[in-house]
$ cat work-v3.cif   # mmCIF, N, CA and C atoms
data_upload
#
loop_
_atom_site.group_PDB
_atom_site.id
_atom_site.type_symbol
_atom_site.label_atom_id
_atom_site.label_comp_id
_atom_site.auth_asym_id
_atom_site.auth_seq_id
_atom_site.Cartn_x
_atom_site.Cartn_y
_atom_site.Cartn_z
ATOM 1 N N MET A 1 -0.984 -1.231 -0.800
ATOM 2 C CA MET A 1 -1.120 0.143 -1.219
ATOM 3 C C MET A 1 -0.383 0.308 -2.534
ATOM 4 N N VAL A 2 -1.076 0.817 -3.530
ATOM 5 C CA VAL A 2 -0.457 1.017 -4.828
ATOM 6 C C VAL A 2 -0.604 2.463 -5.277
ATOM 7 N N GLY A 3 0.474 2.993 -5.804
ATOM 8 C CA GLY A 3 0.483 4.344 -6.347
ATOM 9 C C GLY A 3 1.097 4.307 -7.729
ATOM 10 N N THR A 4 0.965 5.396 -8.450
ATOM 11 C CA THR A 4 1.495 5.476 -9.806
ATOM 12 C C THR A 4 2.947 5.023 -9.848
ATOM 13 N N GLY A 5 3.236 4.093 -10.764
ATOM 14 C CA GLY A 5 4.597 3.598 -10.926
ATOM 15 C C GLY A 5 4.947 2.407 -10.061
ATOM 16 N N PHE A 6 3.962 1.809 -9.374
ATOM 17 C CA PHE A 6 4.244 0.662 -8.508
ATOM 18 C C PHE A 6 4.771 -0.504 -9.335
ATOM 19 N N ASP A 7 5.574 -1.355 -8.723
ATOM 20 C CA ASP A 7 6.070 -2.560 -9.391
ATOM 21 C C ASP A 7 4.945 -3.595 -9.371
ATOM 22 N N GLU A 8 4.470 -3.954 -10.553
ATOM 23 C CA GLU A 8 3.303 -4.819 -10.661
ATOM 24 C C GLU A 8 3.503 -6.179 -9.989
ATOM 25 N N ILE A 9 4.656 -6.791 -10.209
ATOM 26 C CA ILE A 9 4.893 -8.117 -9.619
ATOM 27 C C ILE A 9 4.967 -8.029 -8.102
ATOM 28 N N GLU A 10 5.653 -7.020 -7.592
ATOM 29 C CA GLU A 10 5.779 -6.881 -6.145
ATOM 30 C C GLU A 10 4.444 -6.593 -5.475
ATOM 31 N N ALA A 11 3.505 -6.040 -6.209
ATOM 32 C CA ALA A 11 2.183 -5.757 -5.652
ATOM 33 C C ALA A 11 1.219 -6.921 -5.817
ATOM 34 N N LEU A 12 1.166 -7.468 -7.027
ATOM 35 C CA LEU A 12 0.110 -8.427 -7.329
ATOM 36 C C LEU A 12 0.420 -9.861 -6.932
ATOM 37 N N VAL A 13 1.686 -10.254 -6.903
ATOM 38 C CA VAL A 13 2.002 -11.619 -6.466
ATOM 39 C C VAL A 13 1.628 -11.819 -4.994
ATOM 40 N N PRO A 14 2.003 -10.902 -4.082
ATOM 41 C CA PRO A 14 1.561 -11.103 -2.688
ATOM 42 C C PRO A 14 0.030 -11.144 -2.558
ATOM 43 N N VAL A 15 -0.663 -10.287 -3.306
ATOM 44 C CA VAL A 15 -2.130 -10.297 -3.268
ATOM 45 C C VAL A 15 -2.649 -11.655 -3.719
ATOM 46 N N ASP A 16 -2.128 -12.164 -4.817
ATOM 47 C CA ASP A 16 -2.562 -13.457 -5.345
ATOM 48 C C ASP A 16 -2.306 -14.581 -4.346
ATOM 49 N N VAL A 17 -1.107 -14.616 -3.780
ATOM 50 C CA VAL A 17 -0.748 -15.678 -2.834
ATOM 51 C C VAL A 17 -1.634 -15.628 -1.596
ATOM 52 N N MET A 18 -1.842 -14.428 -1.054
ATOM 53 C CA MET A 18 -2.660 -14.304 0.152
ATOM 54 C C MET A 18 -4.114 -14.665 -0.111
ATOM 55 N N ARG A 19 -4.636 -14.274 -1.269
ATOM 56 C CA ARG A 19 -6.021 -14.627 -1.593
ATOM 57 C C ARG A 19 -6.168 -16.134 -1.782
ATOM 58 N N ARG A 20 -5.183 -16.773 -2.412
ATOM 59 C CA ARG A 20 -5.230 -18.234 -2.571
ATOM 60 C C ARG A 20 -5.181 -18.933 -1.218
ATOM 61 N N ALA A 21 -4.546 -18.292 -0.235
ATOM 62 C CA ALA A 21 -4.468 -18.859 1.112
ATOM 63 C C ALA A 21 -5.736 -18.589 1.918
ATOM 64 N N GLY A 22 -6.685 -17.879 1.307
ATOM 65 C CA GLY A 22 -7.947 -17.624 1.981
ATOM 66 C C GLY A 22 -7.990 -16.340 2.788
ATOM 67 N N MET A 23 -6.972 -15.512 2.655
ATOM 68 C CA MET A 23 -6.944 -14.254 3.399
ATOM 69 C C MET A 23 -7.802 -13.204 2.697
ATOM 70 N N GLU A 24 -8.412 -12.348 3.478
ATOM 71 C CA GLU A 24 -9.150 -11.221 2.919
ATOM 72 C C GLU A 24 -8.140 -10.115 2.630
ATOM 73 N N VAL A 25 -8.003 -9.763 1.377
ATOM 74 C CA VAL A 25 -6.998 -8.797 0.944
ATOM 75 C C VAL A 25 -7.668 -7.738 0.080
ATOM 76 N N PHE A 26 -7.284 -6.485 0.282
ATOM 77 C CA PHE A 26 -7.792 -5.395 -0.529
ATOM 78 C C PHE A 26 -6.620 -4.623 -1.109
ATOM 79 N N THR A 27 -6.701 -4.341 -2.402
ATOM 80 C CA THR A 27 -5.734 -3.417 -2.987
ATOM 81 C C THR A 27 -6.281 -2.017 -2.756
ATOM 82 N N VAL A 28 -5.394 -1.119 -2.378
ATOM 83 C CA VAL A 28 -5.800 0.236 -2.026
ATOM 84 C C VAL A 28 -4.963 1.225 -2.825
ATOM 85 N N SER A 29 -5.633 2.089 -3.567
ATOM 86 C CA SER A 29 -4.937 3.148 -4.283
ATOM 87 C C SER A 29 -4.471 4.193 -3.279
ATOM 88 N N MET A 30 -3.275 4.706 -3.479
ATOM 89 C CA MET A 30 -2.731 5.718 -2.585
ATOM 90 C C MET A 30 -3.349 7.090 -2.831
ATOM 91 N N THR A 31 -4.263 7.187 -3.805
ATOM 92 C CA THR A 31 -4.956 8.437 -4.106
ATOM 93 C C THR A 31 -6.457 8.160 -4.144
ATOM 94 N N GLU A 32 -7.209 9.136 -4.578
ATOM 95 C CA GLU A 32 -8.655 8.972 -4.719
ATOM 96 C C GLU A 32 -9.020 8.229 -5.994
ATOM 97 N N LYS A 33 -8.087 8.106 -6.922
ATOM 98 C CA LYS A 33 -8.342 7.416 -8.186
ATOM 99 C C LYS A 33 -8.054 5.930 -8.024
ATOM 100 N N ARG A 34 -9.048 5.096 -8.307
ATOM 101 C CA ARG A 34 -8.863 3.643 -8.168
ATOM 102 C C ARG A 34 -8.094 3.044 -9.336
ATOM 103 N N LEU A 35 -8.076 3.701 -10.477
ATOM 104 C CA LEU A 35 -7.311 3.231 -11.631
ATOM 105 C C LEU A 35 -5.862 3.685 -11.448
ATOM 106 N N VAL A 36 -4.955 2.719 -11.357
ATOM 107 C CA VAL A 36 -3.555 3.023 -11.059
ATOM 108 C C VAL A 36 -2.665 2.390 -12.127
ATOM 109 N N LYS A 37 -1.698 3.169 -12.608
ATOM 110 C CA LYS A 37 -0.785 2.697 -13.652
ATOM 111 C C LYS A 37 0.512 2.218 -13.023
ATOM 112 N N GLY A 38 0.892 0.980 -13.338
ATOM 113 C CA GLY A 38 2.117 0.398 -12.815
ATOM 114 C C GLY A 38 3.352 0.849 -13.571
ATOM 115 N N ALA A 39 4.506 0.394 -13.116
ATOM 116 C CA ALA A 39 5.792 0.806 -13.667
ATOM 117 C C ALA A 39 5.971 0.438 -15.132
ATOM 118 N N THR A 40 5.374 -0.666 -15.564
ATOM 119 C CA THR A 40 5.532 -1.082 -16.954
ATOM 120 C C THR A 40 4.296 -0.766 -17.790
ATOM 121 N N GLY A 41 3.414 0.057 -17.247
ATOM 122 C CA GLY A 41 2.261 0.522 -17.996
ATOM 123 C C GLY A 41 0.974 -0.245 -17.794
ATOM 124 N N ASN A 42 1.014 -1.315 -17.014
ATOM 125 C CA ASN A 42 -0.215 -2.060 -16.738
ATOM 126 C C ASN A 42 -1.134 -1.234 -15.849
ATOM 127 N N LEU A 43 -2.404 -1.247 -16.186
ATOM 128 C CA LEU A 43 -3.399 -0.547 -15.383
ATOM 129 C C LEU A 43 -4.142 -1.551 -14.517
ATOM 130 N N ILE A 44 -4.325 -1.209 -13.240
ATOM 131 C CA ILE A 44 -5.167 -2.039 -12.372
ATOM 132 C C ILE A 44 -6.219 -1.136 -11.744
ATOM 133 N N VAL A 45 -7.324 -1.744 -11.394
ATOM 134 C CA VAL A 45 -8.363 -1.036 -10.656
ATOM 135 C C VAL A 45 -8.264 -1.535 -9.215
ATOM 136 N N ALA A 46 -7.830 -0.655 -8.326
ATOM 137 C CA ALA A 46 -7.716 -1.025 -6.916
ATOM 138 C C ALA A 46 -9.108 -1.268 -6.339
ATOM 139 N N ASP A 47 -9.167 -2.095 -5.311
ATOM 140 C CA ASP A 47 -10.440 -2.393 -4.669
ATOM 141 C C ASP A 47 -11.061 -1.159 -4.022
ATOM 142 N N MET A 48 -10.207 -0.238 -3.596
ATOM 143 C CA MET A 48 -10.697 0.972 -2.951
ATOM 144 C C MET A 48 -9.646 2.069 -3.036
ATOM 145 N N SER A 49 -10.069 3.298 -2.785
ATOM 146 C CA SER A 49 -9.133 4.415 -2.696
ATOM 147 C C SER A 49 -8.721 4.573 -1.234
ATOM 148 N N VAL A 50 -7.693 5.348 -1.007
ATOM 149 C CA VAL A 50 -7.175 5.506 0.349
ATOM 150 C C VAL A 50 -8.228 6.075 1.296
ATOM 151 N N SER A 51 -9.121 6.930 0.798
ATOM 152 C CA SER A 51 -10.142 7.503 1.689
ATOM 153 C C SER A 51 -11.203 6.478 2.090
ATOM 154 N N ASP A 52 -11.302 5.375 1.330
ATOM 155 C CA ASP A 52 -12.249 4.314 1.673
ATOM 156 C C ASP A 52 -11.699 3.365 2.734
ATOM 157 N N LEU A 53 -10.414 3.460 2.996
ATOM 158 C CA LEU A 53 -9.742 2.538 3.910
ATOM 159 C C LEU A 53 -10.073 2.870 5.359
ATOM 160 N N SER A 54 -10.561 1.889 6.074
ATOM 161 C CA SER A 54 -10.887 2.063 7.485
ATOM 162 C C SER A 54 -9.722 1.530 8.329
ATOM 163 N N PRO A 55 -9.019 2.398 9.057
ATOM 164 C CA PRO A 55 -7.844 1.963 9.822
ATOM 165 C C PRO A 55 -8.092 0.796 10.770
ATOM 166 N N ASP A 56 -9.302 0.664 11.291
ATOM 167 C CA ASP A 56 -9.582 -0.427 12.227
ATOM 168 C C ASP A 56 -9.694 -1.786 11.530
ATOM 169 N N ARG A 57 -9.741 -1.808 10.201
ATOM 170 C CA ARG A 57 -9.818 -3.075 9.457
ATOM 171 C C ARG A 57 -8.457 -3.523 8.930
ATOM 172 N N ILE A 58 -7.398 -2.775 9.224
ATOM 173 C CA ILE A 58 -6.080 -3.077 8.670
ATOM 174 C C ILE A 58 -5.327 -4.033 9.586
ATOM 175 N N ASP A 59 -4.942 -5.185 9.045
ATOM 176 C CA ASP A 59 -4.027 -6.086 9.746
ATOM 177 C C ASP A 59 -2.598 -5.824 9.286
ATOM 178 N N TRP A 60 -2.436 -5.646 8.003
ATOM 179 C CA TRP A 60 -1.139 -5.411 7.383
ATOM 180 C C TRP A 60 -1.240 -4.242 6.419
ATOM 181 N N LEU A 61 -0.204 -3.420 6.369
ATOM 182 C CA LEU A 61 -0.009 -2.456 5.292
ATOM 183 C C LEU A 61 1.177 -2.986 4.497
ATOM 184 N N ILE A 62 0.982 -3.212 3.216
ATOM 185 C CA ILE A 62 2.063 -3.727 2.382
ATOM 186 C C ILE A 62 2.286 -2.758 1.229
ATOM 187 N N PHE A 63 3.517 -2.298 1.112
ATOM 188 C CA PHE A 63 3.885 -1.368 0.051
ATOM 189 C C PHE A 63 4.849 -2.036 -0.915
ATOM 190 N N PRO A 64 4.465 -2.171 -2.189
ATOM 191 C CA PRO A 64 5.400 -2.682 -3.186
ATOM 192 C C PRO A 64 6.388 -1.581 -3.558
ATOM 193 N N GLY A 65 7.459 -1.978 -4.196
ATOM 194 C CA GLY A 65 8.453 -1.013 -4.631
ATOM 195 C C GLY A 65 8.043 -0.287 -5.894
ATOM 196 N N ALA A 66 8.876 0.677 -6.244
ATOM 197 C CA ALA A 66 8.717 1.469 -7.459
ATOM 198 C C ALA A 66 9.990 2.285 -7.627
ATOM 199 N N ASP A 67 10.099 2.952 -8.742
ATOM 200 C CA ASP A 67 11.201 3.880 -8.936
ATOM 201 C C ASP A 67 11.058 4.995 -7.899
ATOM 202 N N LYS A 68 12.155 5.429 -7.326
ATOM 203 C CA LYS A 68 12.105 6.435 -6.248
ATOM 204 C C LYS A 68 11.433 7.741 -6.653
ATOM 205 N N SER A 69 11.371 8.036 -7.945
ATOM 206 C CA SER A 69 10.735 9.279 -8.382
ATOM 207 C C SER A 69 9.220 9.150 -8.506
ATOM 208 N N GLU A 70 8.717 7.961 -8.370
ATOM 209 C CA GLU A 70 7.293 7.718 -8.600
ATOM 210 C C GLU A 70 6.441 8.011 -7.363
ATOM 211 N N ASP A 71 5.163 8.287 -7.615
ATOM 212 C CA ASP A 71 4.210 8.552 -6.538
ATOM 213 C C ASP A 71 4.084 7.382 -5.576
ATOM 214 N N ALA A 72 4.337 6.179 -6.075
ATOM 215 C CA ALA A 72 4.162 4.978 -5.254
ATOM 216 C C ALA A 72 5.086 4.938 -4.048
ATOM 217 N N VAL A 73 6.151 5.708 -4.052
ATOM 218 C CA VAL A 73 7.059 5.703 -2.904
ATOM 219 C C VAL A 73 7.093 7.047 -2.179
ATOM 220 N N ASN A 74 6.273 7.973 -2.602
ATOM 221 C CA ASN A 74 6.229 9.291 -1.980
ATOM 222 C C ASN A 74 4.884 9.473 -1.292
ATOM 223 N N LEU A 75 4.864 9.220 0.006
ATOM 224 C CA LEU A 75 3.614 9.260 0.754
ATOM 225 C C LEU A 75 3.196 10.694 1.037
ATOM 226 N N ASP A 76 1.919 11.003 0.793
ATOM 227 C CA ASP A 76 1.424 12.326 1.147
ATOM 228 C C ASP A 76 1.198 12.390 2.655
ATOM 229 N N GLU A 77 0.824 13.543 3.151
ATOM 230 C CA GLU A 77 0.694 13.749 4.601
ATOM 231 C C GLU A 77 -0.349 12.824 5.227
ATOM 232 N N LYS A 78 -1.497 12.693 4.571
ATOM 233 C CA LYS A 78 -2.572 11.852 5.113
ATOM 234 C C LYS A 78 -2.131 10.394 5.209
ATOM 235 N N LEU A 79 -1.494 9.893 4.168
ATOM 236 C CA LEU A 79 -1.031 8.509 4.172
ATOM 237 C C LEU A 79 0.107 8.312 5.171
ATOM 238 N N SER A 80 0.964 9.297 5.299
ATOM 239 C CA SER A 80 2.039 9.222 6.298
ATOM 240 C C SER A 80 1.465 9.107 7.706
ATOM 241 N N GLU A 81 0.407 9.854 7.977
ATOM 242 C CA GLU A 81 -0.243 9.793 9.295
ATOM 243 C C GLU A 81 -0.853 8.415 9.541
ATOM 244 N N LEU A 82 -1.468 7.833 8.515
ATOM 245 C CA LEU A 82 -2.049 6.498 8.624
ATOM 246 C C LEU A 82 -0.956 5.477 8.943
ATOM 247 N N VAL A 83 0.158 5.545 8.220
ATOM 248 C CA VAL A 83 1.271 4.620 8.444
ATOM 249 C C VAL A 83 1.843 4.810 9.846
ATOM 250 N N LYS A 84 2.016 6.050 10.249
ATOM 251 C CA LYS A 84 2.575 6.324 11.577
ATOM 252 C C LYS A 84 1.675 5.763 12.677
ATOM 253 N N ALA A 85 0.377 5.966 12.562
ATOM 254 C CA ALA A 85 -0.561 5.450 13.569
ATOM 255 C C ALA A 85 -0.515 3.931 13.605
ATOM 256 N N HIS A 86 -0.456 3.303 12.445
ATOM 257 C CA HIS A 86 -0.378 1.838 12.364
ATOM 258 C C HIS A 86 0.909 1.350 13.015
ATOM 259 N N TRP A 87 2.005 2.025 12.726
ATOM 260 C CA TRP A 87 3.325 1.677 13.269
ATOM 261 C C TRP A 87 3.332 1.819 14.795
ATOM 262 N N GLU A 88 2.788 2.937 15.293
ATOM 263 C CA GLU A 88 2.806 3.203 16.739
ATOM 264 C C GLU A 88 1.961 2.196 17.526
ATOM 265 N N LYS A 89 0.962 1.598 16.887
ATOM 266 C CA LYS A 89 0.166 0.557 17.547
ATOM 267 C C LYS A 89 0.905 -0.773 17.558
ATOM 268 N N GLY A 90 2.040 -0.840 16.852
ATOM 269 C CA GLY A 90 2.801 -2.084 16.783
ATOM 270 C C GLY A 90 2.258 -3.043 15.747
ATOM 271 N N ASP A 91 1.436 -2.522 14.832
ATOM 272 C CA ASP A 91 0.851 -3.369 13.805
ATOM 273 C C ASP A 91 1.843 -3.639 12.674
ATOM 274 N N ASN A 92 1.486 -4.549 11.797
ATOM 275 C CA ASN A 92 2.381 -5.055 10.759
ATOM 276 C C ASN A 92 2.432 -4.162 9.529
ATOM 277 N N ILE A 93 3.673 -3.904 9.070
ATOM 278 C CA ILE A 93 3.903 -3.149 7.851
ATOM 279 C C ILE A 93 5.013 -3.849 7.090
ATOM 280 N N ALA A 94 4.816 -3.979 5.778
ATOM 281 C CA ALA A 94 5.855 -4.557 4.924
ATOM 282 C C ALA A 94 6.186 -3.559 3.826
ATOM 283 N N ALA A 95 7.476 -3.372 3.598
ATOM 284 C CA ALA A 95 7.967 -2.519 2.521
ATOM 285 C C ALA A 95 8.838 -3.389 1.628
ATOM 286 N N ILE A 96 8.393 -3.627 0.415
ATOM 287 C CA ILE A 96 9.092 -4.511 -0.503
ATOM 288 C C ILE A 96 10.045 -3.689 -1.372
ATOM 289 N N CYS A 97 11.289 -4.144 -1.470
ATOM 290 C CA CYS A 97 12.294 -3.581 -2.370
ATOM 291 C C CYS A 97 12.417 -2.062 -2.173
ATOM 292 N N ALA A 98 12.104 -1.288 -3.192
ATOM 293 C CA ALA A 98 12.267 0.173 -3.126
ATOM 294 C C ALA A 98 10.965 0.864 -2.715
ATOM 295 N N ALA A 99 10.256 0.260 -1.791
ATOM 296 C CA ALA A 99 9.002 0.838 -1.295
ATOM 297 C C ALA A 99 9.318 2.076 -0.459
ATOM 298 N N PRO A 100 8.284 2.789 -0.025
ATOM 299 C CA PRO A 100 8.540 3.967 0.814
ATOM 300 C C PRO A 100 9.379 3.603 2.031
ATOM 301 N N SER A 101 10.295 4.484 2.365
ATOM 302 C CA SER A 101 11.128 4.245 3.542
ATOM 303 C C SER A 101 10.272 4.343 4.794
ATOM 304 N N LEU A 102 10.443 3.383 5.666
ATOM 305 C CA LEU A 102 9.688 3.370 6.920
ATOM 306 C C LEU A 102 10.551 3.823 8.098
ATOM 307 N N ALA A 103 11.780 4.240 7.820
ATOM 308 C CA ALA A 103 12.693 4.646 8.889
ATOM 309 C C ALA A 103 12.154 5.807 9.702
ATOM 310 N N ALA A 104 11.376 6.680 9.085
ATOM 311 C CA ALA A 104 10.840 7.843 9.792
ATOM 312 C C ALA A 104 9.857 7.463 10.872
ATOM 313 N N TYR A 105 9.338 6.246 10.846
ATOM 314 C CA TYR A 105 8.309 5.843 11.796
ATOM 315 C C TYR A 105 8.879 5.080 12.982
ATOM 316 N N ARG A 106 10.171 4.795 12.942
ATOM 317 C CA ARG A 106 10.787 4.068 14.067
ATOM 318 C C ARG A 106 10.860 4.969 15.285
ATOM 319 N N ASN A 107 10.765 4.353 16.448
ATOM 320 C CA ASN A 107 10.878 5.121 17.711
ATOM 321 C C ASN A 107 12.317 5.364 18.046
#
$ encode --input "work-v3.cif" --output "structure tokens"
Amino acid sequence: MVGTGFDEIEALVPVDVMRRAGMEVFTVSMTEKRLVKGATGNLIVADMSVSDLSPDRIDWLIFPGADKSEDAVNLDEKLSELVKAHWEKGDNIAAICAAPSLAAYRN
């Protein structure tokens, strides 16, 4: 999941490594806009927007870090609900560095 201000290395290196390992990986914009600007100004086109994401196809949710003031670490209500549902099913979530805090989803 990438949002405005995401750390490019923390997002794209895991994607690259997993794809090289043969895993099916999708970059997902945290908004409806697929064009997302990273922390150092690099633009990427995410594979899909958050509304295109089908919860039943998610094995892992991975959030790269960003500056705490950036959109990339501030989940809106819809995305928070998606994360909470994924968490409650016991599915896998990774938060890298200064990614969104997942403490709110613990039981």
$ resolve_selection --input "work-v3.cif" --expression "the PyMOL selection byres ((chain A and resi 98) around 6.5)" --output "ChimeraX atom specification"
/A:64-67,73,95-97,99-101
$ residues_around --input "work-v3.cif" --residues "Asp59 (chain A)" --least-positions-apart "2" --cutoff "5 Å" --atoms "only N, CA and C atoms" --output "count of residues only"
3
$ closest_residue --input "work-v3.cif" --among "A:Met30, A:Ser51, A:Met18, A:Trp87" --to "Val2 (chain A)" --atoms "only N, CA and C atoms"
A:Met30
$ atom_distance --input "work-v3.cif" --atom1 "atom N of Leu35 (chain A)" --atom2 "atom N of Lys89 (chain A)"
28.9 Å
$ select_by_dssp --input "work-v3.cif" --residues "chain A" --states "alpha helix (DSSP H)" --output "PyMOL selection string"
chain A and resi 8-20+77-88
$ closest_residue --input "work-v3.cif" --among "A:Arg34, A:Val13, A:Asp91, A:Gly22" --to "Ile58 (chain A)" --atoms "only N, CA and C atoms"
A:Asp91
$ atom_distance --input "work-v3.cif" --atom1 "CA of Gly41 (chain A)" --atom2 "CA of Val83 (chain A)"
26.8 Å
$ build_atoms --input "work-v3.cif" --residues "region 75-86 of chain A" --atoms "N, CA, C and O atoms" --output "JSON list (two decimals), in the frame of the given file"
[["chain", "number", "residue", "atom", "x", "y", "z"],
["A", 75, "LEU", "N", 4.86, 9.22, 0.01],
["A", 75, "LEU", "CA", 3.61, 9.26, 0.75],
["A", 75, "LEU", "C", 3.20, 10.69, 1.04],
["A", 75, "LEU", "O", 4.00, 11.51, 1.50],
["A", 76, "ASP", "N", 1.92, 11.00, 0.79],
["A", 76, "ASP", "CA", 1.42, 12.33, 1.15],
["A", 76, "ASP", "C", 1.20, 12.39, 2.66],
["A", 76, "ASP", "O", 1.35, 11.39, 3.37],
["A", 77, "GLU", "N", 0.82, 13.54, 3.15],
["A", 77, "GLU", "CA", 0.69, 13.75, 4.60],
["A", 77, "GLU", "C", -0.35, 12.82, 5.23],
["A", 77, "GLU", "O", -0.11, 12.22, 6.28],
["A", 78, "LYS", "N", -1.50, 12.69, 4.57],
["A", 78, "LYS", "CA", -2.57, 11.85, 5.11],
["A", 78, "LYS", "C", -2.13, 10.39, 5.21],
["A", 78, "LYS", "O", -2.35, 9.73, 6.22],
["A", 79, "LEU", "N", -1.49, 9.89, 4.17],
["A", 79, "LEU", "CA", -1.03, 8.51, 4.17],
["A", 79, "LEU", "C", 0.11, 8.31, 5.17],
["A", 79, "LEU", "O", 0.17, 7.29, 5.85],
["A", 80, "SER", "N", 0.96, 9.30, 5.30],
["A", 80, "SER", "CA", 2.04, 9.22, 6.30],
["A", 80, "SER", "C", 1.46, 9.11, 7.71],
["A", 80, "SER", "O", 1.98, 8.35, 8.54],
["A", 81, "GLU", "N", 0.41, 9.85, 7.98],
["A", 81, "GLU", "CA", -0.24, 9.79, 9.30],
["A", 81, "GLU", "C", -0.85, 8.41, 9.54],
["A", 81, "GLU", "O", -0.76, 7.88, 10.65],
["A", 82, "LEU", "N", -1.47, 7.83, 8.52],
["A", 82, "LEU", "CA", -2.05, 6.50, 8.62],
["A", 82, "LEU", "C", -0.96, 5.48, 8.94],
["A", 82, "LEU", "O", -1.12, 4.65, 9.84],
["A", 83, "VAL", "N", 0.16, 5.54, 8.22],
["A", 83, "VAL", "CA", 1.27, 4.62, 8.44],
["A", 83, "VAL", "C", 1.84, 4.81, 9.85],
["A", 83, "VAL", "O", 2.09, 3.84, 10.57],
["A", 84, "LYS", "N", 2.02, 6.05, 10.25],
["A", 84, "LYS", "CA", 2.58, 6.32, 11.58],
["A", 84, "LYS", "C", 1.68, 5.76, 12.68],
["A", 84, "LYS", "O", 2.16, 5.14, 13.63],
["A", 85, "ALA", "N", 0.38, 5.97, 12.56],
["A", 85, "ALA", "CA", -0.56, 5.45, 13.57],
["A", 85, "ALA", "C", -0.52, 3.93, 13.60],
["A", 85, "ALA", "O", -0.52, 3.33, 14.69],
["A", 86, "HIS", "N", -0.46, 3.30, 12.44],
["A", 86, "HIS", "CA", -0.38, 1.84, 12.36],
["A", 86, "HIS", "C", 0.91, 1.35, 13.02],
["A", 86, "HIS", "O", 0.92, 0.39, 13.77]]
